[in-house]
file final_35.tsv (TSV, N, CA and C atoms)
chain	number	residue	atom	x	y	z
A	4	MET	N	46.81	17.19	-24.54
A	4	MET	CA	45.53	16.73	-25.04
A	4	MET	C	45.16	17.60	-26.23
A	5	THR	N	44.76	16.95	-27.29
A	5	THR	CA	44.38	17.71	-28.48
A	5	THR	C	43.03	18.35	-28.29
A	6	LYS	N	42.77	19.34	-29.10
A	6	LYS	CA	41.52	20.08	-29.02
A	6	LYS	C	40.32	19.16	-29.28
A	7	ASN	N	40.41	18.24	-30.25
A	7	ASN	CA	39.30	17.33	-30.58
A	7	ASN	C	39.02	16.36	-29.43
A	8	VAL	N	40.06	15.87	-28.78
A	8	VAL	CA	39.88	14.95	-27.65
A	8	VAL	C	39.23	15.69	-26.49
A	9	MET	N	39.65	16.93	-26.26
A	9	MET	CA	39.08	17.71	-25.17
A	9	MET	C	37.60	17.99	-25.42
A	10	ILE	N	37.25	18.34	-26.63
A	10	ILE	CA	35.84	18.61	-26.97
A	10	ILE	C	35.03	17.33	-26.82
A	11	ALA	N	35.57	16.20	-27.26
A	11	ALA	CA	34.87	14.92	-27.13
A	11	ALA	C	34.67	14.57	-25.67
A	12	SER	N	35.67	14.84	-24.83
A	12	SER	CA	35.56	14.56	-23.39
A	12	SER	C	34.49	15.42	-22.74
A	13	ILE	N	34.45	16.69	-23.10
A	13	ILE	CA	33.43	17.59	-22.55
A	13	ILE	C	32.04	17.14	-22.98
A	14	CYS	N	31.87	16.77	-24.23
A	14	CYS	CA	30.56	16.30	-24.73
A	14	CYS	C	30.14	15.04	-23.98
A	15	PHE	N	31.08	14.12	-23.76
A	15	PHE	CA	30.76	12.89	-23.04
A	15	PHE	C	30.31	13.21	-21.61
A	16	LEU	N	31.01	14.11	-20.93
A	16	LEU	CA	30.64	14.48	-19.57
A	16	LEU	C	29.26	15.14	-19.53
A	17	MET	N	28.95	15.96	-20.53
A	17	MET	CA	27.63	16.59	-20.57
A	17	MET	C	26.54	15.56	-20.79
A	18	LEU	N	26.78	14.58	-21.67
A	18	LEU	CA	25.81	13.52	-21.90
A	18	LEU	C	25.61	12.68	-20.64
A	19	ALA	N	26.69	12.35	-19.96
A	19	ALA	CA	26.59	11.55	-18.73
A	19	ALA	C	25.82	12.29	-17.67
A	20	ALA	N	26.05	13.59	-17.54
A	20	ALA	CA	25.33	14.38	-16.54
A	20	ALA	C	23.85	14.45	-16.86
A	21	SER	N	23.49	14.53	-18.13
A	21	SER	CA	22.08	14.61	-18.48
A	21	SER	C	21.37	13.28	-18.33
A	22	ALA	N	22.13	12.17	-18.29
A	22	ALA	CA	21.53	10.85	-18.14
A	22	ALA	C	21.14	10.56	-16.69
A	23	VAL	N	21.66	11.33	-15.75
A	23	VAL	CA	21.32	11.15	-14.34
A	23	VAL	C	19.84	11.52	-14.15
A	24	ALA	N	19.12	10.68	-13.45
A	24	ALA	CA	17.68	10.91	-13.25
A	24	ALA	C	17.45	12.25	-12.54
A	25	ALA	N	16.52	12.99	-13.06
A	25	ALA	CA	16.14	14.26	-12.44
A	25	ALA	C	15.12	13.99	-11.34
A	26	ASP	N	14.92	14.98	-10.51
A	26	ASP	CA	13.92	14.88	-9.47
A	26	ASP	C	12.65	15.60	-9.90
A	27	VAL	N	11.52	15.14	-9.37
A	27	VAL	CA	10.26	15.85	-9.54
A	27	VAL	C	9.77	16.23	-8.15
A	28	HIS	N	9.21	17.41	-8.04
A	28	HIS	CA	8.68	17.88	-6.77
A	28	HIS	C	7.22	17.43	-6.66
A	29	ALA	N	6.83	16.94	-5.49
A	29	ALA	CA	5.45	16.51	-5.27
A	29	ALA	C	5.04	16.81	-3.83
A	30	VAL	N	3.73	17.02	-3.66
A	30	VAL	CA	3.15	17.24	-2.34
A	30	VAL	C	2.09	16.17	-2.14
A	31	LEU	N	2.09	15.55	-0.97
A	31	LEU	CA	1.11	14.53	-0.61
A	31	LEU	C	0.31	15.02	0.59
A	32	SER	N	-1.02	15.00	0.46
A	32	SER	CA	-1.91	15.37	1.57
A	32	SER	C	-2.94	14.27	1.77
A	33	LEU	N	-3.50	14.21	2.98
A	33	LEU	CA	-4.54	13.24	3.32
A	33	LEU	C	-5.75	13.95	3.90
A	34	ASP	N	-6.92	13.37	3.62
A	34	ASP	CA	-8.17	13.77	4.26
A	34	ASP	C	-8.81	12.47	4.74
A	35	ASN	N	-8.82	12.25	6.04
A	35	ASN	CA	-9.37	11.01	6.61
A	35	ASN	C	-10.88	10.96	6.59
A	36	GLY	N	-11.51	11.86	5.85
A	36	GLY	CA	-12.96	11.87	5.76
A	36	GLY	C	-13.60	12.93	6.60
A	37	ASP	N	-12.79	13.65	7.38
A	37	ASP	CA	-13.35	14.69	8.24
A	37	ASP	C	-13.21	16.08	7.63
A	38	GLY	N	-12.68	16.15	6.40
A	38	GLY	CA	-12.53	17.42	5.71
A	38	GLY	C	-11.27	18.18	6.07
A	39	ALA	N	-10.51	17.69	7.04
A	39	ALA	CA	-9.27	18.37	7.44
A	39	ALA	C	-8.11	17.81	6.62
A	40	LEU	N	-7.48	18.67	5.82
A	40	LEU	CA	-6.33	18.25	5.03
A	40	LEU	C	-5.07	18.29	5.87
A	41	VAL	N	-4.30	17.21	5.80
A	41	VAL	CA	-3.04	17.13	6.51
A	41	VAL	C	-1.95	16.90	5.48
A	42	GLN	N	-1.01	17.83	5.39
A	42	GLN	CA	0.10	17.65	4.45
A	42	GLN	C	1.09	16.67	5.06
A	43	ILE	N	1.40	15.62	4.32
A	43	ILE	CA	2.25	14.55	4.80
A	43	ILE	C	3.66	14.65	4.23
A	44	PHE	N	3.77	15.09	2.99
A	44	PHE	CA	5.07	15.11	2.31
A	44	PHE	C	5.12	16.30	1.37
A	45	ASP	N	6.24	16.98	1.34
A	45	ASP	CA	6.49	18.07	0.40
A	45	ASP	C	7.97	18.02	0.07
A	46	GLY	N	8.29	17.42	-1.07
A	46	GLY	CA	9.70	17.27	-1.39
A	46	GLY	C	9.91	16.69	-2.77
A	47	ASN	N	11.12	16.22	-3.00
A	47	ASN	CA	11.49	15.70	-4.30
A	47	ASN	C	11.48	14.18	-4.32
A	48	MET	N	11.05	13.66	-5.45
A	48	MET	CA	11.05	12.23	-5.72
A	48	MET	C	11.85	12.02	-7.01
A	49	THR	N	12.42	10.83	-7.17
A	49	THR	CA	13.16	10.52	-8.38
A	49	THR	C	12.21	10.49	-9.58
A	50	GLU	N	12.65	11.04	-10.69
A	50	GLU	CA	11.84	11.02	-11.90
A	50	GLU	C	11.43	9.57	-12.20
A	51	GLY	N	10.18	9.37	-12.56
A	51	GLY	CA	9.65	8.04	-12.81
A	51	GLY	C	8.94	7.44	-11.61
A	52	SER	N	8.98	8.15	-10.46
A	52	SER	CA	8.29	7.67	-9.26
A	52	SER	C	6.79	7.72	-9.46
A	53	THR	N	6.09	6.83	-8.77
A	53	THR	CA	4.64	6.74	-8.87
A	53	THR	C	3.98	7.29	-7.61
A	54	ALA	N	2.66	7.38	-7.65
A	54	ALA	CA	1.92	7.78	-6.45
A	54	ALA	C	2.14	6.77	-5.33
A	55	GLU	N	2.31	5.50	-5.66
A	55	GLU	CA	2.62	4.49	-4.66
A	55	GLU	C	3.98	4.79	-4.01
A	56	ASP	N	4.97	5.14	-4.82
A	56	ASP	CA	6.29	5.48	-4.29
A	56	ASP	C	6.20	6.67	-3.34
A	57	LEU	N	5.35	7.64	-3.70
A	57	LEU	CA	5.16	8.82	-2.85
A	57	LEU	C	4.61	8.41	-1.49
A	58	LEU	N	3.61	7.53	-1.47
A	58	LEU	CA	3.07	7.02	-0.20
A	58	LEU	C	4.15	6.30	0.59
A	59	ASN	N	4.94	5.49	-0.10
A	59	ASN	CA	5.97	4.69	0.57
A	59	ASN	C	7.13	5.54	1.08
A	60	ALA	N	7.25	6.78	0.60
A	60	ALA	CA	8.31	7.67	1.06
A	60	ALA	C	7.98	8.30	2.41
A	61	THR	N	6.81	7.98	2.94
A	61	THR	CA	6.36	8.53	4.22
A	61	THR	C	6.41	7.46	5.30
A	62	ASP	N	6.04	7.85	6.52
A	62	ASP	CA	5.96	6.90	7.63
A	62	ASP	C	4.57	6.28	7.74
A	63	LEU	N	3.72	6.53	6.75
A	63	LEU	CA	2.36	6.00	6.80
A	63	LEU	C	2.37	4.48	6.67
A	64	ASN	N	1.42	3.82	7.33
A	64	ASN	CA	1.21	2.39	7.18
A	64	ASN	C	0.13	2.22	6.11
A	65	VAL	N	0.53	1.82	4.92
A	65	VAL	CA	-0.39	1.76	3.78
A	65	VAL	C	-0.69	0.30	3.43
A	66	SER	N	-1.99	-0.02	3.29
A	66	SER	CA	-2.42	-1.34	2.86
A	66	SER	C	-2.95	-1.22	1.43
A	67	VAL	N	-2.59	-2.20	0.60
A	67	VAL	CA	-3.03	-2.18	-0.80
A	67	VAL	C	-3.56	-3.55	-1.18
A	68	LEU	N	-4.32	-3.56	-2.26
A	68	LEU	CA	-4.86	-4.79	-2.83
A	68	LEU	C	-4.57	-4.75	-4.32
A	69	LEU	N	-4.07	-5.85	-4.87
A	69	LEU	CA	-3.80	-5.91	-6.29
A	69	LEU	C	-5.10	-6.22	-7.03
A	70	SER	N	-5.48	-5.32	-7.94
A	70	SER	CA	-6.68	-5.52	-8.76
A	70	SER	C	-6.24	-5.73	-10.20
A	71	GLU	N	-7.20	-5.90	-11.09
A	71	GLU	CA	-6.89	-6.08	-12.51
A	71	GLU	C	-6.19	-4.87	-13.10
A	72	THR	N	-6.44	-3.69	-12.53
A	72	THR	CA	-5.88	-2.46	-13.08
A	72	THR	C	-4.65	-1.96	-12.33
A	73	GLY	N	-4.28	-2.62	-11.25
A	73	GLY	CA	-3.12	-2.21	-10.47
A	73	GLY	C	-3.43	-2.20	-8.99
A	74	LEU	N	-2.61	-1.51	-8.22
A	74	LEU	CA	-2.77	-1.48	-6.77
A	74	LEU	C	-3.83	-0.46	-6.35
A	75	VAL	N	-4.69	-0.91	-5.45
A	75	VAL	CA	-5.74	-0.07	-4.88
A	75	VAL	C	-5.44	0.10	-3.40
A	76	VAL	N	-5.45	1.34	-2.91
A	76	VAL	CA	-5.22	1.59	-1.49
A	76	VAL	C	-6.46	1.16	-0.72
A	77	THR	N	-6.26	0.27	0.26
A	77	THR	CA	-7.38	-0.21	1.07
A	77	THR	C	-7.32	0.31	2.50
A	78	GLY	N	-6.19	0.92	2.86
A	78	GLY	CA	-6.08	1.48	4.20
A	78	GLY	C	-4.85	2.36	4.32
A	79	ILE	N	-5.01	3.40	5.11
A	79	ILE	CA	-3.88	4.26	5.46
A	79	ILE	C	-3.92	4.44	6.97
A	80	ASP	N	-2.82	4.01	7.60
A	80	ASP	CA	-2.74	3.94	9.05
A	80	ASP	C	-3.93	3.12	9.57
A	81	ASP	N	-4.72	3.63	10.48
A	81	ASP	CA	-5.82	2.84	11.05
A	81	ASP	C	-7.15	3.04	10.32
A	82	VAL	N	-7.15	3.74	9.22
A	82	VAL	CA	-8.39	4.02	8.49
A	82	VAL	C	-8.46	3.08	7.29
A	83	MET	N	-9.37	2.09	7.39
A	83	MET	CA	-9.49	1.05	6.37
A	83	MET	C	-10.78	1.20	5.58
A	84	ASN	N	-10.72	0.81	4.29
A	84	ASN	CA	-11.94	0.76	3.48
A	84	ASN	C	-12.97	-0.11	4.18
A	85	ASP	N	-14.24	0.26	4.02
A	85	ASP	CA	-15.33	-0.54	4.56
A	85	ASP	C	-16.48	-0.55	3.56
A	86	GLU	N	-17.65	-1.00	4.00
A	86	GLU	CA	-18.81	-1.08	3.10
A	86	GLU	C	-19.30	0.28	2.62
A	87	MET	N	-19.00	1.32	3.37
A	87	MET	CA	-19.54	2.65	3.07
A	87	MET	C	-18.51	3.64	2.52
A	88	ASN	N	-17.23	3.42	2.82
A	88	ASN	CA	-16.19	4.40	2.48
A	88	ASN	C	-14.97	3.72	1.88
A	89	GLU	N	-14.23	4.50	1.08
A	89	GLU	CA	-13.01	3.98	0.47
A	89	GLU	C	-12.00	5.11	0.28
A	90	TRP	N	-10.74	4.72	0.13
A	90	TRP	CA	-9.68	5.67	-0.18
A	90	TRP	C	-9.65	5.90	-1.68
A	91	VAL	N	-9.66	7.15	-2.09
A	91	VAL	CA	-9.50	7.52	-3.49
A	91	VAL	C	-8.40	8.58	-3.55
A	92	PHE	N	-7.82	8.75	-4.73
A	92	PHE	CA	-6.83	9.81	-4.83
A	92	PHE	C	-7.02	10.63	-6.07
A	93	GLN	N	-6.59	11.86	-5.94
A	93	GLN	CA	-6.65	12.79	-7.05
A	93	GLN	C	-5.30	13.48	-7.18
A	94	VAL	N	-5.05	13.95	-8.38
A	94	VAL	CA	-3.80	14.65	-8.66
A	94	VAL	C	-4.16	16.01	-9.25
A	95	ASN	N	-3.68	17.05	-8.60
A	95	ASN	CA	-3.96	18.42	-9.04
A	95	ASN	C	-5.46	18.69	-9.18
A	96	GLY	N	-6.23	18.14	-8.24
A	96	GLY	CA	-7.67	18.39	-8.18
A	96	GLY	C	-8.52	17.52	-9.09
A	97	VAL	N	-7.91	16.56	-9.79
A	97	VAL	CA	-8.65	15.70	-10.72
A	97	VAL	C	-8.50	14.25	-10.26
A	98	ALA	N	-9.64	13.54	-10.17
A	98	ALA	CA	-9.61	12.14	-9.77
A	98	ALA	C	-8.73	11.34	-10.73
A	99	SER	N	-7.87	10.50	-10.17
A	99	SER	CA	-6.99	9.69	-11.01
A	99	SER	C	-7.79	8.62	-11.73
A	100	GLU	N	-7.42	8.37	-12.97
A	100	GLU	CA	-8.08	7.34	-13.76
A	100	GLU	C	-7.28	6.04	-13.77
A	101	VAL	N	-6.14	6.03	-13.05
A	101	VAL	CA	-5.30	4.84	-12.99
A	101	VAL	C	-4.99	4.53	-11.53
A	102	ALA	N	-4.48	3.33	-11.30
A	102	ALA	CA	-4.14	2.89	-9.94
A	102	ALA	C	-2.88	3.61	-9.44
A	103	VAL	N	-2.66	3.55	-8.12
A	103	VAL	CA	-1.55	4.28	-7.51
A	103	VAL	C	-0.19	3.86	-8.04
A	104	ASP	N	-0.04	2.59	-8.42
A	104	ASP	CA	1.24	2.14	-8.94
A	104	ASP	C	1.40	2.46	-10.42
A	105	GLN	N	0.34	2.96	-11.05
A	105	GLN	CA	0.39	3.29	-12.47
A	105	GLN	C	0.55	4.78	-12.75
A	106	TYR	N	0.23	5.62	-11.75
A	106	TYR	CA	0.34	7.07	-11.97
A	106	TYR	C	1.78	7.51	-11.74
A	107	VAL	N	2.42	8.02	-12.79
A	107	VAL	CA	3.79	8.51	-12.70
A	107	VAL	C	3.74	10.00	-12.37
A	108	LEU	N	4.43	10.35	-11.30
A	108	LEU	CA	4.44	11.74	-10.84
A	108	LEU	C	5.07	12.68	-11.85
A	109	GLN	N	4.46	13.85	-11.98
A	109	GLN	CA	4.99	14.94	-12.80
A	109	GLN	C	5.44	16.05	-11.84
A	110	ASN	N	6.31	16.92	-12.31
A	110	ASN	CA	6.82	17.97	-11.45
A	110	ASN	C	5.69	18.84	-10.90
A	111	ASP	N	5.76	19.11	-9.61
A	111	ASP	CA	4.81	19.94	-8.87
A	111	ASP	C	3.41	19.35	-8.74
A	112	ASP	N	3.30	18.02	-8.84
A	112	ASP	CA	2.00	17.37	-8.61
A	112	ASP	C	1.57	17.56	-7.16
A	113	MET	N	0.27	17.79	-6.99
A	113	MET	CA	-0.36	17.85	-5.68
A	113	MET	C	-1.25	16.61	-5.58
A	114	VAL	N	-0.86	15.64	-4.78
A	114	VAL	CA	-1.57	14.37	-4.66
A	114	VAL	C	-2.37	14.38	-3.35
A	115	LEU	N	-3.65	14.08	-3.46
A	115	LEU	CA	-4.53	14.06	-2.29
A	115	LEU	C	-5.24	12.72	-2.20
A	116	PHE	N	-5.07	12.04	-1.07
A	116	PHE	CA	-5.83	10.82	-0.78
A	116	PHE	C	-6.95	11.20	0.18
A	117	THR	N	-8.17	10.81	-0.19
A	117	THR	CA	-9.35	11.14	0.60
A	117	THR	C	-10.12	9.87	0.94
A	118	PHE	N	-10.52	9.76	2.21
A	118	PHE	CA	-11.40	8.67	2.63
A	118	PHE	C	-12.81	9.18	2.44
A	119	THR	N	-13.53	8.62	1.49
A	119	THR	CA	-14.78	9.21	1.04
A	119	THR	C	-15.88	8.15	0.88
A	120	PRO	N	-17.14	8.56	0.97
A	120	PRO	CA	-18.23	7.61	0.74
A	120	PRO	C	-18.15	7.00	-0.66
A	121	ILE	N	-18.47	5.73	-0.74
A	121	ILE	CA	-18.46	5.02	-2.02
A	121	ILE	C	-19.65	5.50	-2.84
A	122	ALA	N	-19.42	5.82	-4.11
A	122	ALA	CA	-20.51	6.22	-5.01
A	122	ALA	C	-21.38	5.00	-5.29
A	123	VAL	N	-22.69	5.19	-5.20
A	123	VAL	CA	-23.64	4.10	-5.40
A	123	VAL	C	-24.63	4.51	-6.48
A	124	ASP	N	-24.96	3.57	-7.36
A	124	ASP	CA	-25.99	3.82	-8.36
A	124	ASP	C	-27.35	3.48	-7.75
A	125	VAL	N	-28.31	4.39	-7.89
A	125	VAL	CA	-29.67	4.13	-7.42
A	125	VAL	C	-30.62	4.28	-8.59
A	126	GLU	N	-31.68	3.51	-8.54
A	126	GLU	CA	-32.67	3.56	-9.60
A	126	GLU	C	-33.61	4.73	-9.35
A	127	VAL	N	-33.88	5.48	-10.40
A	127	VAL	CA	-34.82	6.59	-10.33
A	127	VAL	C	-35.95	6.32	-11.30
A	128	ALA	N	-36.94	7.20	-11.33
A	128	ALA	CA	-38.10	7.01	-12.21
A	128	ALA	C	-37.65	6.73	-13.63
A	129	GLY	N	-38.33	5.81	-14.30
A	129	GLY	CA	-38.02	5.47	-15.67
A	129	GLY	C	-36.87	4.49	-15.80
A	130	ASN	N	-36.50	3.81	-14.69
A	130	ASN	CA	-35.45	2.81	-14.68
A	130	ASN	C	-34.07	3.34	-15.06
A	131	GLU	N	-33.88	4.65	-14.94
A	131	GLU	CA	-32.56	5.21	-15.17
A	131	GLU	C	-31.78	5.10	-13.87
A	132	THR	N	-30.46	5.09	-13.97
A	132	THR	CA	-29.65	5.07	-12.76
A	132	THR	C	-28.96	6.41	-12.61
A	133	GLU	N	-28.71	6.73	-11.37
A	133	GLU	CA	-28.08	8.01	-11.04
A	133	GLU	C	-27.04	7.74	-9.96
A	134	GLU	N	-25.83	8.30	-10.12
A	134	GLU	CA	-24.79	8.11	-9.12
A	134	GLU	C	-25.00	9.10	-8.00
A	135	VAL	N	-24.94	8.57	-6.75
A	135	VAL	CA	-25.06	9.44	-5.57
A	135	VAL	C	-23.88	9.22	-4.66
call {"tool": "encode", "arguments": {"input": "final_35.tsv", "output": "structure tokens"}}
result
Amino acid sequence: MTKNVMIASICFLMLAASAVAADVHAVLSLDNGDGALVQIFDGNMTEGSTAEDLLNATDLNVSVLLSETGLVVTGIDDVMNDEMNEWVFQVNGVASEVAVDQYVLQNDDMVLFTFTPIAVDVEVAGNETEEV
């Protein structure tokens, strides 16, 4: 084998190896509304995985609803959204601005789903609204 062919073969193998999808590490925790955090998953997901994929990588029974902006979690195991409470999720301590199927996991993301009271706007003096 000539030197040029060997170098070309090595370069090809390096390119092929770099094309293999990398993993991202993520942690998934739940708070069923009682303030107790339960870690559900701590491991690697394929690069490009979403928060929905993270939920689906567990044994949890997850219910979702397709909205205009993507999938919304409506229930986890026996805890379902109702008139007063809903499932929301945050990543690294910040509320997500996208749906679970739209958030692409980054390495070392800490994902928390919380069953929490629904924010309601109430009228205050001067016809202003305030979120409570």
call {"tool": "closest_residue", "arguments": {"input": "final_35.tsv", "among": "A:Asn110, A:Asn64, A:Thr119, A:Asn59", "to": "Met87 in chain A", "atoms": "only N, CA and C atoms"}}
result
A:Thr119
call {"tool": "residues_around", "arguments": {"input": "final_35.tsv", "residues": "Asp112 in chain A", "least_positions_apart": "3", "cutoff": "7 Å", "atoms": "only N, CA and C atoms", "output": "list of chain:residue names"}}
result
A:Val27, A:His28, A:Ala29, A:Val30, A:Leu31, A:Val94, A:Asn95, A:Leu108, A:Gln109
call {"tool": "select_by_dssp", "arguments": {"input": "final_35.tsv", "residues": "range 24-109 of chain A", "states": "strand (DSSP E)", "output": "PyMOL selection string"}}
result
chain A and resi 26-34+40-49+65-70+73-79+82-83+88-94+97-98
call {"tool": "write_last_selection", "arguments": {"input": "final_35.tsv", "atoms": "N, CA and C atoms", "output": "CSV table (one decimal), in the coordinates of the input"}}
result
chain,number,residue,atom,x,y,z
A,26,ASP,N,14.9,15.0,-10.5
A,26,ASP,CA,13.9,14.9,-9.5
A,26,ASP,C,12.6,15.6,-9.9
A,27,VAL,N,11.5,15.1,-9.4
A,27,VAL,CA,10.3,15.8,-9.5
A,27,VAL,C,9.8,16.2,-8.2
A,28,HIS,N,9.2,17.4,-8.0
A,28,HIS,CA,8.7,17.9,-6.8
A,28,HIS,C,7.2,17.4,-6.7
A,29,ALA,N,6.8,16.9,-5.5
A,29,ALA,CA,5.4,16.5,-5.3
A,29,ALA,C,5.0,16.8,-3.8
A,30,VAL,N,3.7,17.0,-3.7
A,30,VAL,CA,3.2,17.2,-2.3
A,30,VAL,C,2.1,16.2,-2.1
A,31,LEU,N,2.1,15.6,-1.0
A,31,LEU,CA,1.1,14.5,-0.6
A,31,LEU,C,0.3,15.0,0.6
A,32,SER,N,-1.0,15.0,0.5
A,32,SER,CA,-1.9,15.4,1.6
A,32,SER,C,-2.9,14.3,1.8
A,33,LEU,N,-3.5,14.2,3.0
A,33,LEU,CA,-4.5,13.2,3.3
A,33,LEU,C,-5.8,14.0,3.9
A,34,ASP,N,-6.9,13.4,3.6
A,34,ASP,CA,-8.2,13.8,4.3
A,34,ASP,C,-8.8,12.5,4.7
A,40,LEU,N,-7.5,18.7,5.8
A,40,LEU,CA,-6.3,18.2,5.0
A,40,LEU,C,-5.1,18.3,5.9
A,41,VAL,N,-4.3,17.2,5.8
A,41,VAL,CA,-3.0,17.1,6.5
A,41,VAL,C,-2.0,16.9,5.5
A,42,GLN,N,-1.0,17.8,5.4
A,42,GLN,CA,0.1,17.6,4.4
A,42,GLN,C,1.1,16.7,5.1
A,43,ILE,N,1.4,15.6,4.3
A,43,ILE,CA,2.2,14.6,4.8
A,43,ILE,C,3.7,14.6,4.2
A,44,PHE,N,3.8,15.1,3.0
A,44,PHE,CA,5.1,15.1,2.3
A,44,PHE,C,5.1,16.3,1.4
A,45,ASP,N,6.2,17.0,1.3
A,45,ASP,CA,6.5,18.1,0.4
A,45,ASP,C,8.0,18.0,0.1
A,46,GLY,N,8.3,17.4,-1.1
A,46,GLY,CA,9.7,17.3,-1.4
A,46,GLY,C,9.9,16.7,-2.8
A,47,ASN,N,11.1,16.2,-3.0
A,47,ASN,CA,11.5,15.7,-4.3
A,47,ASN,C,11.5,14.2,-4.3
A,48,MET,N,11.0,13.7,-5.4
A,48,MET,CA,11.0,12.2,-5.7
A,48,MET,C,11.8,12.0,-7.0
A,49,THR,N,12.4,10.8,-7.2
A,49,THR,CA,13.2,10.5,-8.4
A,49,THR,C,12.2,10.5,-9.6
A,65,VAL,N,0.5,1.8,4.9
A,65,VAL,CA,-0.4,1.8,3.8
A,65,VAL,C,-0.7,0.3,3.4
A,66,SER,N,-2.0,0.0,3.3
A,66,SER,CA,-2.4,-1.3,2.9
A,66,SER,C,-3.0,-1.2,1.4
A,67,VAL,N,-2.6,-2.2,0.6
A,67,VAL,CA,-3.0,-2.2,-0.8
A,67,VAL,C,-3.6,-3.6,-1.2
A,68,LEU,N,-4.3,-3.6,-2.3
A,68,LEU,CA,-4.9,-4.8,-2.8
A,68,LEU,C,-4.6,-4.8,-4.3
A,69,LEU,N,-4.1,-5.8,-4.9
A,69,LEU,CA,-3.8,-5.9,-6.3
A,69,LEU,C,-5.1,-6.2,-7.0
A,70,SER,N,-5.5,-5.3,-7.9
A,70,SER,CA,-6.7,-5.5,-8.8
A,70,SER,C,-6.2,-5.7,-10.2
A,73,GLY,N,-4.3,-2.6,-11.2
A,73,GLY,CA,-3.1,-2.2,-10.5
A,73,GLY,C,-3.4,-2.2,-9.0
A,74,LEU,N,-2.6,-1.5,-8.2
A,74,LEU,CA,-2.8,-1.5,-6.8
A,74,LEU,C,-3.8,-0.5,-6.4
A,75,VAL,N,-4.7,-0.9,-5.4
A,75,VAL,CA,-5.7,-0.1,-4.9
A,75,VAL,C,-5.4,0.1,-3.4
A,76,VAL,N,-5.4,1.3,-2.9
A,76,VAL,CA,-5.2,1.6,-1.5
A,76,VAL,C,-6.5,1.2,-0.7
A,77,THR,N,-6.3,0.3,0.3
A,77,THR,CA,-7.4,-0.2,1.1
A,77,THR,C,-7.3,0.3,2.5
A,78,GLY,N,-6.2,0.9,2.9
A,78,GLY,CA,-6.1,1.5,4.2
A,78,GLY,C,-4.8,2.4,4.3
A,79,ILE,N,-5.0,3.4,5.1
A,79,ILE,CA,-3.9,4.3,5.5
A,79,ILE,C,-3.9,4.4,7.0
A,82,VAL,N,-7.2,3.7,9.2
A,82,VAL,CA,-8.4,4.0,8.5
A,82,VAL,C,-8.5,3.1,7.3
A,83,MET,N,-9.4,2.1,7.4
A,83,MET,CA,-9.5,1.0,6.4
A,83,MET,C,-10.8,1.2,5.6
A,88,ASN,N,-17.2,3.4,2.8
A,88,ASN,CA,-16.2,4.4,2.5
A,88,ASN,C,-15.0,3.7,1.9
A,89,GLU,N,-14.2,4.5,1.1
A,89,GLU,CA,-13.0,4.0,0.5
A,89,GLU,C,-12.0,5.1,0.3
A,90,TRP,N,-10.7,4.7,0.1
A,90,TRP,CA,-9.7,5.7,-0.2
A,90,TRP,C,-9.6,5.9,-1.7
A,91,VAL,N,-9.7,7.2,-2.1
A,91,VAL,CA,-9.5,7.5,-3.5
A,91,VAL,C,-8.4,8.6,-3.6
A,92,PHE,N,-7.8,8.8,-4.7
A,92,PHE,CA,-6.8,9.8,-4.8
A,92,PHE,C,-7.0,10.6,-6.1
A,93,GLN,N,-6.6,11.9,-5.9
A,93,GLN,CA,-6.6,12.8,-7.0
A,93,GLN,C,-5.3,13.5,-7.2
A,94,VAL,N,-5.0,14.0,-8.4
A,94,VAL,CA,-3.8,14.6,-8.7
A,94,VAL,C,-4.2,16.0,-9.2
A,97,VAL,N,-7.9,16.6,-9.8
A,97,VAL,CA,-8.6,15.7,-10.7
A,97,VAL,C,-8.5,14.2,-10.3
A,98,ALA,N,-9.6,13.5,-10.2
A,98,ALA,CA,-9.6,12.1,-9.8
A,98,ALA,C,-8.7,11.3,-10.7
call {"tool": "residues_near_point", "arguments": {"input": "final_35.tsv", "point": "(9.5, 12.3, -5.9)", "cutoff": "6.5 Å", "atoms": "all atoms listed in the file", "output": "mmCIF file with N, CA and C atoms, in the coordinates of the input"}}
result
data_model
loop_
_atom_site.group_PDB
_atom_site.id
_atom_site.type_symbol
_atom_site.label_atom_id
_atom_site.label_comp_id
_atom_site.auth_asym_id
_atom_site.auth_seq_id
_atom_site.Cartn_x
_atom_site.Cartn_y
_atom_site.Cartn_z
ATOM 1 N N ASP A 26 14.920 14.980 -10.510
ATOM 2 C CA ASP A 26 13.920 14.880 -9.470
ATOM 3 C C ASP A 26 12.650 15.600 -9.900
ATOM 4 N N VAL A 27 11.520 15.140 -9.370
ATOM 5 C CA VAL A 27 10.260 15.850 -9.540
ATOM 6 C C VAL A 27 9.770 16.230 -8.150
ATOM 7 N N HIS A 28 9.210 17.410 -8.040
ATOM 8 C CA HIS A 28 8.680 17.880 -6.770
ATOM 9 C C HIS A 28 7.220 17.430 -6.660
ATOM 10 N N ALA A 29 6.830 16.940 -5.490
ATOM 11 C CA ALA A 29 5.450 16.510 -5.270
ATOM 12 C C ALA A 29 5.040 16.810 -3.830
ATOM 13 N N GLY A 46 8.290 17.420 -1.070
ATOM 14 C CA GLY A 46 9.700 17.270 -1.390
ATOM 15 C C GLY A 46 9.910 16.690 -2.770
ATOM 16 N N ASN A 47 11.120 16.220 -3.000
ATOM 17 C CA ASN A 47 11.490 15.700 -4.300
ATOM 18 C C ASN A 47 11.480 14.180 -4.320
ATOM 19 N N MET A 48 11.050 13.660 -5.450
ATOM 20 C CA MET A 48 11.050 12.230 -5.720
ATOM 21 C C MET A 48 11.850 12.020 -7.010
ATOM 22 N N THR A 49 12.420 10.830 -7.170
ATOM 23 C CA THR A 49 13.160 10.520 -8.380
ATOM 24 C C THR A 49 12.210 10.490 -9.580
ATOM 25 N N GLU A 50 12.650 11.040 -10.690
ATOM 26 C CA GLU A 50 11.840 11.020 -11.900
ATOM 27 C C GLU A 50 11.430 9.570 -12.200
ATOM 28 N N SER A 52 8.980 8.150 -10.460
ATOM 29 C CA SER A 52 8.290 7.670 -9.260
ATOM 30 C C SER A 52 6.790 7.720 -9.460
ATOM 31 N N LEU A 57 5.350 7.640 -3.700
ATOM 32 C CA LEU A 57 5.160 8.820 -2.850
ATOM 33 C C LEU A 57 4.610 8.410 -1.490
#
call {"tool": "closest_residue", "arguments": {"input": "final_35.tsv", "among": "A:Ile43, A:Gly73, A:Ser99, A:Gly38", "to": "Thr61 in chain A", "atoms": "all atoms listed in the file"}}
result
A:Ile43
